[in-house]
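For reference, target.pdb is printed below; it contains PDB, C-alpha atoms and all ligand atoms.
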ATOM      1  CA  MET V 242     -83.042  62.557-199.709
ATOM      2  CA  TYR V 243     -81.412  65.740-198.427
ATOM      3  CA  PHE V 244     -80.884  67.109-194.943
ATOM      4  CA  ARG V 245     -80.440  70.781-194.068
ATOM      5  CA  LYS V 246     -77.134  70.409-192.265
ATOM      6  CA  MET V 247     -75.673  73.852-193.089
ATOM      7  CA  LEU V 248     -78.521  76.179-194.020
ATOM      8  CA  GLY V 249     -78.160  79.525-195.779
ATOM      9  CA  LYS V 250     -80.504  81.889-197.589
ATOM     10  CA  LYS V 251     -80.226  80.445-201.099
ATOM     11  CA  CYS V 252     -78.948  76.937-200.494
ATOM     12  CA  TYR V 253     -78.055  74.346-197.912
ATOM     13  CA  LEU V 254     -75.367  71.692-197.652
ATOM     14  CA  SER V 255     -76.571  68.137-197.155
ATOM     15  CA  PRO V 256     -74.926  64.724-196.827
ATOM     16  CA  MET V 257     -74.803  63.235-200.299
ATOM     17  CA  ASP V 258     -77.572  61.070-201.734
ATOM     18  CA  MET V 259     -76.242  58.070-203.678
ATOM     19  CA  ASN V 260     -79.289  58.245-205.986
ATOM     20  CA  ASP V 261     -77.736  61.356-207.528
ATOM     21  CA  ALA V 262     -74.972  59.367-209.243
ATOM     22  CA  GLU V 263     -76.600  59.746-212.659
ATOM     23  CA  LYS V 264     -77.082  63.497-212.280
ATOM     24  CA  PHE V 265     -73.462  63.913-211.167
ATOM     25  CA  THR V 266     -72.305  61.786-214.101
ATOM     26  CA  GLY V 267     -74.085  64.182-216.485
ATOM     27  CA  TRP V 268     -72.359  67.192-214.933
ATOM     28  CA  LEU V 269     -68.961  65.487-214.902
ATOM     29  CA  ASN V 270     -69.223  64.854-218.632
ATOM     30  CA  ASP V 271     -69.734  68.544-219.369
ATOM     31  CA  LEU V 272     -66.287  69.638-220.540
ATOM     32  CA  GLU V 273     -66.982  73.349-220.004
ATOM     33  CA  MET V 274     -67.678  72.708-216.315
ATOM     34  CA  LEU V 275     -65.061  69.989-216.013
ATOM     35  CA  SER V 276     -62.201  72.049-217.460
ATOM     36  CA  ASN V 277     -62.087  73.869-214.109
ATOM     37  CA  LEU V 278     -61.499  70.648-212.166
ATOM     38  CA  HIS V 279     -58.773  68.080-211.740
ATOM     39  CA  LEU V 280     -61.127  65.406-213.172
ATOM     40  CA  TYR V 281     -60.933  66.886-216.711
ATOM     41  CA  SER V 282     -59.051  63.907-218.130
ATOM     42  CA  SER V 283     -60.981  61.193-216.269
ATOM     43  CA  VAL V 284     -63.654  58.880-217.628
ATOM     44  CA  ILE V 285     -66.776  59.173-215.494
ATOM     45  CA  ASN V 286     -69.701  56.819-216.009
ATOM     46  CA  VAL V 287     -72.549  56.003-213.623
ATOM     47  CA  GLU V 288     -70.768  52.962-212.181
ATOM     48  CA  ASN V 289     -67.518  54.668-211.271
ATOM     49  CA  GLU V 290     -69.373  57.819-210.189
ATOM     50  CA  LYS V 291     -71.290  55.671-207.663
ATOM     51  CA  THR V 292     -67.974  54.376-206.316
ATOM     52  CA  LEU V 293     -66.602  57.923-206.173
ATOM     53  CA  LEU V 294     -69.709  59.273-204.405
ATOM     54  CA  GLU V 295     -69.586  56.465-201.867
ATOM     55  CA  LYS V 296     -65.972  57.250-201.082
ATOM     56  CA  LEU V 297     -66.557  61.014-200.921
ATOM     57  CA  SER V 298     -69.692  60.674-198.781
ATOM     58  CA  LYS V 299     -67.647  59.112-195.983
ATOM     59  CA  GLY V 300     -65.678  62.345-195.605
ATOM     60  CA  HIS V 301     -66.760  65.954-195.263
ATOM     61  CA  ASN V 302     -68.243  66.311-198.725
ATOM     62  CA  TYR V 303     -71.718  67.726-199.177
ATOM     63  CA  SER V 304     -74.364  68.234-201.807
ATOM     64  CA  ILE V 305     -75.287  71.847-202.497
ATOM     65  CA  VAL V 306     -79.081  71.995-202.595
ATOM     66  CA  ASP V 307     -81.339  74.873-203.711
ATOM     67  CA  ALA V 308     -83.159  75.758-200.483
ATOM     68  CA  ASP V 309     -86.475  76.610-202.141
ATOM     69  CA  LYS V 310     -86.656  73.762-204.652
ATOM     70  CA  ASN V 311     -84.804  71.085-202.633
ATOM     71  CA  GLU V 312     -82.918  70.290-205.819
ATOM     72  CA  VAL V 313     -79.225  69.318-205.887
ATOM     73  CA  ILE V 314     -77.071  71.714-207.933
ATOM     74  CA  GLY V 315     -73.521  70.678-207.050
ATOM     75  CA  ASN V 316     -71.047  69.557-204.481
ATOM     76  CA  CYS V 317     -68.408  70.927-202.125
ATOM     77  CA  GLY V 318     -66.175  69.578-199.400
ATOM     78  CA  PHE V 319     -62.880  69.339-197.602
ATOM     79  CA  MET V 320     -59.932  67.178-198.632
ATOM     80  CA  GLY V 321     -56.803  66.272-196.720
ATOM     81  CA  ILE V 322     -58.011  67.431-193.314
ATOM     82  CA  ASP V 323     -54.964  67.740-191.041
ATOM     83  CA  ASN V 324     -56.285  67.672-187.486
ATOM     84  CA  VAL V 325     -52.886  68.236-185.886
ATOM     85  CA  ASN V 326     -52.226  71.475-187.748
ATOM     86  CA  GLN V 327     -55.906  72.350-188.225
ATOM     87  CA  ASN V 328     -55.808  72.896-191.960
ATOM     88  CA  ALA V 329     -57.572  71.460-195.015
ATOM     89  CA  GLU V 330     -58.102  72.027-198.696
ATOM     90  CA  MET V 331     -61.563  72.628-200.135
ATOM     91  CA  GLY V 332     -63.174  72.037-203.512
ATOM     92  CA  ILE V 333     -66.497  73.015-205.072
ATOM     93  CA  PHE V 334     -68.489  72.688-208.256
ATOM     94  CA  ILE V 335     -71.967  73.747-209.279
ATOM     95  CA  GLY V 336     -72.902  71.273-211.993
ATOM     96  CA  ASN V 337     -76.194  72.911-212.923
ATOM     97  CA  LYS V 338     -74.935  75.865-214.975
ATOM     98  CA  ASP V 339     -78.283  77.690-214.669
ATOM     99  CA  TYR V 340     -77.096  78.472-211.142
ATOM    100  CA  TRP V 341     -73.765  80.055-212.069
ATOM    101  CA  ASN V 342     -73.262  83.750-211.247
ATOM    102  CA  ARG V 343     -76.248  83.888-208.887
ATOM    103  CA  GLY V 344     -74.390  83.859-205.592
ATOM    104  CA  TYR V 345     -74.954  80.179-204.801
ATOM    105  CA  GLY V 346     -71.247  79.369-204.976
ATOM    106  CA  THR V 347     -70.338  82.187-202.624
ATOM    107  CA  GLU V 348     -72.953  81.096-200.122
ATOM    108  CA  ALA V 349     -71.999  77.418-200.354
ATOM    109  CA  VAL V 350     -68.312  78.221-199.772
ATOM    110  CA  ALA V 351     -69.280  80.383-196.781
ATOM    111  CA  LEU V 352     -71.492  77.638-195.306
ATOM    112  CA  LEU V 353     -68.719  75.066-195.702
ATOM    113  CA  LEU V 354     -66.097  77.340-194.142
ATOM    114  CA  ASP V 355     -68.369  78.241-191.217
ATOM    115  CA  TYR V 356     -68.805  74.528-190.540
ATOM    116  CA  GLY V 357     -65.100  73.845-191.030
ATOM    117  CA  PHE V 358     -64.043  76.529-188.578
ATOM    118  CA  LYS V 359     -66.725  75.871-185.946
ATOM    119  CA  ALA V 360     -67.303  72.111-186.106
ATOM    120  CA  LEU V 361     -64.016  70.775-187.454
ATOM    121  CA  ASN V 362     -61.863  73.361-185.649
ATOM    122  CA  LEU V 363     -59.962  74.264-188.800
ATOM    123  CA  HIS V 364     -57.738  77.314-188.767
ATOM    124  CA  ASN V 365     -56.530  77.575-192.369
ATOM    125  CA  VAL V 366     -58.326  76.452-195.548
ATOM    126  CA  LEU V 367     -56.706  76.356-198.991
ATOM    127  CA  ILE V 368     -58.298  76.308-202.443
ATOM    128  CA  ARG V 369     -56.547  75.879-205.786
ATOM    129  CA  VAL V 370     -57.974  77.797-208.750
ATOM    130  CA  TYR V 371     -56.800  77.623-212.368
ATOM    131  CA  ASP V 372     -55.689  80.990-213.771
ATOM    132  CA  PHE V 373     -58.457  81.126-216.405
ATOM    133  CA  ASN V 374     -61.218  80.526-213.852
ATOM    134  CA  GLN V 375     -62.030  84.120-212.900
ATOM    135  CA  ARG V 376     -65.491  83.190-211.681
ATOM    136  CA  ALA V 377     -64.134  80.803-209.067
ATOM    137  CA  ARG V 378     -61.448  83.253-208.049
ATOM    138  CA  ARG V 379     -63.943  86.075-207.584
ATOM    139  CA  CYS V 380     -66.302  83.758-205.690
ATOM    140  CA  CYS V 381     -63.525  82.780-203.263
ATOM    141  CA  GLU V 382     -62.271  86.340-202.849
ATOM    142  CA  LYS V 383     -65.786  87.492-201.955
ATOM    143  CA  VAL V 384     -65.692  85.057-199.037
ATOM    144  CA  GLY V 385     -62.293  86.357-197.905
ATOM    145  CA  PHE V 386     -59.764  84.035-199.562
ATOM    146  CA  ARG V 387     -56.559  85.745-200.657
ATOM    147  CA  GLU V 388     -53.827  84.701-203.057
ATOM    148  CA  VAL V 389     -50.835  83.188-201.290
ATOM    149  CA  GLY V 390     -48.928  81.734-204.198
ATOM    150  CA  ILE V 391     -48.796  80.737-207.828
ATOM    151  CA  ARG V 392     -47.600  77.378-209.088
ATOM    152  CA  ARG V 393     -46.360  78.465-212.486
ATOM    153  CA  LYS V 394     -47.376  76.595-215.654
ATOM    154  CA  ALA V 395     -48.287  73.534-213.616
ATOM    155  CA  LEU V 396     -51.502  72.830-215.534
ATOM    156  CA  LEU V 397     -51.736  71.719-219.145
ATOM    157  CA  ARG V 398     -55.265  72.417-220.395
ATOM    158  CA  ASN V 399     -56.425  72.357-224.014
ATOM    159  CA  MET V 400     -52.800  72.297-225.213
ATOM    160  CA  GLU V 401     -51.841  75.405-223.243
ATOM    161  CA  ARG V 402     -49.929  75.738-219.986
ATOM    162  CA  HIS V 403     -51.584  77.574-217.109
ATOM    163  CA  ASP V 404     -50.741  78.693-213.599
ATOM    164  CA  ILE V 405     -52.453  77.231-210.555
ATOM    165  CA  ILE V 406     -53.357  79.949-208.060
ATOM    166  CA  TYR V 407     -53.285  79.071-204.359
ATOM    167  CA  LEU V 408     -55.732  81.019-202.197
ATOM    168  CA  ASP V 409     -56.173  80.574-198.470
ATOM    169  CA  ILE V 410     -58.231  81.928-195.597
ATOM    170  CA  LEU V 411     -57.893  81.974-191.818
ATOM    171  CA  ALA V 412     -60.877  81.639-189.471
ATOM    172  CA  SER V 413     -60.344  85.176-188.151
ATOM    173  CA  GLU V 414     -60.452  86.615-191.690
ATOM    174  CA  PHE V 415     -63.656  84.769-192.523
ATOM    175  CA  TYR V 416     -65.547  86.143-189.522
ATOM    176  CA  GLU V 417     -64.532  89.733-190.380
ATOM    177  CA  ASN V 418     -67.045  89.650-193.259
ATOM    178  CA  ASP V 419     -70.202  90.780-191.416
ATOM    179  CA  ASP V 420     -72.528  90.919-194.439
ATOM    180  CA  LEU V 421     -71.705  87.384-195.496
ATOM    181  CA  ILE V 422     -72.014  86.009-191.966
ATOM    182  CA  ARG V 423     -75.445  87.650-191.687
ATOM    183  CA  GLN V 424     -76.439  86.070-195.006
ATOM    184  CA  ILE V 425     -75.580  82.531-193.964
ATOM    185  CA  GLN V 426     -77.301  82.989-190.616
ATOM    186  CA  ALA V 427     -80.474  84.546-192.079
ATOM    187  CA  ARG V 428     -82.428  81.300-192.512
ATOM    188  CA  ARG V 429     -81.433  79.828-189.181
ATOM    189  CA  GLU V 430     -82.722  82.853-187.304
ATOM    190  CA  LYS V 431     -86.153  82.811-188.978
TER     191      LYS V 431
HETATM  192  C1  LIG H 501     -66.857  78.468-209.365
HETATM  193  C2  LIG H 501     -68.303  78.337-208.884
HETATM  194  C3  LIG H 501     -68.384  77.398-207.703
HETATM  195  C4  LIG H 501     -68.779  79.742-208.447
HETATM  196  O1  LIG H 501     -70.119  79.655-208.069
HETATM  197  P1  LIG H 501     -71.148  80.765-208.618
HETATM  198  O2  LIG H 501     -72.427  80.549-207.909
HETATM  199  O3  LIG H 501     -71.157  80.755-210.095
HETATM  200  O4  LIG H 501     -70.419  82.097-208.092
HETATM  201  P2  LIG H 501     -71.044  83.417-207.483
HETATM  202  O5  LIG H 501     -72.225  83.849-208.291
HETATM  203  O6  LIG H 501     -71.255  83.248-206.036
HETATM  204  O7  LIG H 501     -69.816  84.426-207.684
HETATM  205  C5  LIG H 501     -69.191  84.547-208.941
HETATM  206  C6  LIG H 501     -68.573  85.922-209.087
HETATM  207  O8  LIG H 501     -67.662  85.890-210.192
HETATM  208  C7  LIG H 501     -67.997  86.911-211.098
HETATM  209  N1  LIG H 501     -67.614  86.475-212.435
HETATM  210  C8  LIG H 501     -68.214  85.590-213.248
HETATM  211  N2  LIG H 501     -67.519  85.447-214.391
HETATM  212  C9  LIG H 501     -66.427  86.242-214.273
HETATM  213  C10 LIG H 501     -65.322  86.524-215.110
HETATM  214  N3  LIG H 501     -65.181  85.948-216.303
HETATM  215  N4  LIG H 501     -64.374  87.400-214.656
HETATM  216  C11 LIG H 501     -64.494  87.987-213.442
HETATM  217  N5  LIG H 501     -65.534  87.753-212.601
HETATM  218  C12 LIG H 501     -66.484  86.900-213.019
HETATM  219  C13 LIG H 501     -69.501  87.099-210.926
HETATM  220  O9  LIG H 501     -69.943  88.338-211.438
HETATM  221  C14 LIG H 501     -69.599  87.015-209.401
HETATM  222  O10 LIG H 501     -69.101  88.176-208.766
HETATM  223  P3  LIG H 501     -70.077  89.338-208.241
HETATM  224  O11 LIG H 501     -71.045  88.716-207.278
HETATM  225  O12 LIG H 501     -69.174  90.318-207.604
HETATM  226  O13 LIG H 501     -70.809  89.885-209.440
HETATM  227  C15 LIG H 501     -69.220  77.832-210.048
HETATM  228  O14 LIG H 501     -69.306  78.809-211.055
HETATM  229  C16 LIG H 501     -68.732  76.521-210.614
HETATM  230  O15 LIG H 501     -69.010  75.499-210.044
HETATM  231  N6  LIG H 501     -67.979  76.534-211.733
HETATM  232  C17 LIG H 501     -67.479  75.320-212.372
HETATM  233  C18 LIG H 501     -66.553  74.478-211.486
HETATM  234  C19 LIG H 501     -65.492  75.323-210.826
HETATM  235  O16 LIG H 501     -64.970  76.264-211.400
HETATM  236  N7  LIG H 501     -65.177  74.972-209.573
HETATM  237  C20 LIG H 501     -64.187  75.688-208.788
HETATM  238  C21 LIG H 501     -62.844  75.105-208.969
HETATM  239  S1  LIG H 501     -61.645  75.936-207.944
END

What's the structure tokens form of this structure?
Amino acid sequence: MYFRKMLGKKCYLSPMDMNDAEKFTGWLNDLEMLSNLHLYSSVINVENEKTLLEKLSKGHNYSIVDADKNEVIGNCGFMGIDNVNQNAEMGIFIGNKDYWNRGYGTEAVALLLDYGFKALNLHNVLIRVYDFNQRARRCCEKVGFREVGIRRKALLRNMERHDIIYLDILASEFYENDDLIRQIQARREK
């Protein structure tokens, strides 16, 4: 069961439903999708995915749900929330590849950031993107993230070394993006 906690035009973010463990397991065994994530070299089966979901669901991690179909398409959330310094790192994946390149990622990131800045009082949010993942980079830059550093050749993927790009965003920068803010508020105002 899903709940419209952060509602946008295309999707909403909901607390996670443990019954989705099997669906998540399918996505996390798709190497094309997984190559963009830290979990690439992990073994994920339904049992350990249930354990992982239970752990994640206790923090600020949310299912991304198609707002028209009420169907889960992925997950996003904050890690390492530092309440003293008001910063956190975020992660996202859309497991259902039919939804890639349709603006769902951009909207989900925006919904999560809006919640992070307003409800969790964050000031700075970081995301790490692998150098070959231009889609993720573009998605984050559309929301207002900017590159702040490169950890050189820190990732070994498919027998090749890659850079890890660090992008961050401040609350003030996020709210400068009027079009995006209007988009994530569109549903709520109806
Ligand atoms: C990364 C991800 C969350 C982005 O979500 P999405 O819904 O596909 O992204 P959006 O459609 O909102 O935006 C993607 C943008 O990248 C662009 N893009 C796609 N492939 C690209 C490429 N090879 N080079 C440059 N830009 C590219 C798209 O055209 C779009 O930009 P536009 O709106 O200006 O045309 C999603 O694709 C995903 O989950 N991928 C697998 C896991 C992953 O990479 N997670 C992120 C780890 S940091």

Problem - Residues near Val306 of chain V, cut-off 7 Å, all atoms listed in the file, skip fewer than 4 positions along chain, as a PyMOL selection string - result: chain V and resi 252-254+311-314

Exercise for the section: Convert the output of the PyMOL selection byres (((chain V and resi 257) around 12) and not hetatm) on the shown file into explicit residues, formatted as a PyMOL selection string. Expected result: chain V and resi 242-246+253-256+258-262+265+291+293-306+313-318

Problem - Test item: the PyMOL selection byres (((not hetatm)) within 7 of (chain H and resi 501)) resolved as a list in words - result: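 Answer for the PyMOL selection byres (((not hetatm)) within 7 of (chain H and resi 501)): Met274, Leu275, Asn277, Leu278, Gly332, Ile333, Phe334, Ile335, Gly336, Tyr340, Trp341, Asn342, Arg343, Gly344, Tyr345, Gly346, Thr347, Glu348, Ile368, Arg369, Val370, Tyr371, Asn374, Gln375, Arg376, Ala377, Arg379 and Cys380 of chain V.
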
Exercise for the section: Would you work out the distance separating atom CA of Ala329 of chain V from atom CA of Val366 of chain V, expressed in Å to one decimal? Expected result: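 Value for the atom CA of Ala329 of chain V-atom CA of Val366 of chain V distance: 5.1 Å.
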
Cut-off 12 Å around (-59.9, 84.8, -188.6) with all atoms listed in the file: residues as a PDB file with C-alpha atoms, keeping the file's coordinate frame:
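See point.pdb below for the written result:
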ATOM      1  CA  LEU V 354     -66.097  77.340-194.142  1.00  0.00           C
ATOM      2  CA  ASP V 355     -68.369  78.241-191.217  1.00  0.00           C
ATOM      3  CA  PHE V 358     -64.043  76.529-188.578  1.00  0.00           C
ATOM      4  CA  LYS V 359     -66.725  75.871-185.946  1.00  0.00           C
ATOM      5  CA  ASN V 362     -61.863  73.361-185.649  1.00  0.00           C
ATOM      6  CA  LEU V 363     -59.962  74.264-188.800  1.00  0.00           C
ATOM      7  CA  HIS V 364     -57.738  77.314-188.767  1.00  0.00           C
ATOM      8  CA  ASN V 365     -56.530  77.575-192.369  1.00  0.00           C
ATOM      9  CA  VAL V 366     -58.326  76.452-195.548  1.00  0.00           C
ATOM     10  CA  VAL V 384     -65.692  85.057-199.037  1.00  0.00           C
ATOM     11  CA  GLY V 385     -62.293  86.357-197.905  1.00  0.00           C
ATOM     12  CA  PHE V 386     -59.764  84.035-199.562  1.00  0.00           C
ATOM     13  CA  ASP V 409     -56.173  80.574-198.470  1.00  0.00           C
ATOM     14  CA  ILE V 410     -58.231  81.928-195.597  1.00  0.00           C
ATOM     15  CA  LEU V 411     -57.893  81.974-191.818  1.00  0.00           C
ATOM     16  CA  ALA V 412     -60.877  81.639-189.471  1.00  0.00           C
ATOM     17  CA  SER V 413     -60.344  85.176-188.151  1.00  0.00           C
ATOM     18  CA  GLU V 414     -60.452  86.615-191.690  1.00  0.00           C
ATOM     19  CA  PHE V 415     -63.656  84.769-192.523  1.00  0.00           C
ATOM     20  CA  TYR V 416     -65.547  86.143-189.522  1.00  0.00           C
ATOM     21  CA  GLU V 417     -64.532  89.733-190.380  1.00  0.00           C
ATOM     22  CA  ASN V 418     -67.045  89.650-193.259  1.00  0.00           C
TER      23      ASN V 418
END
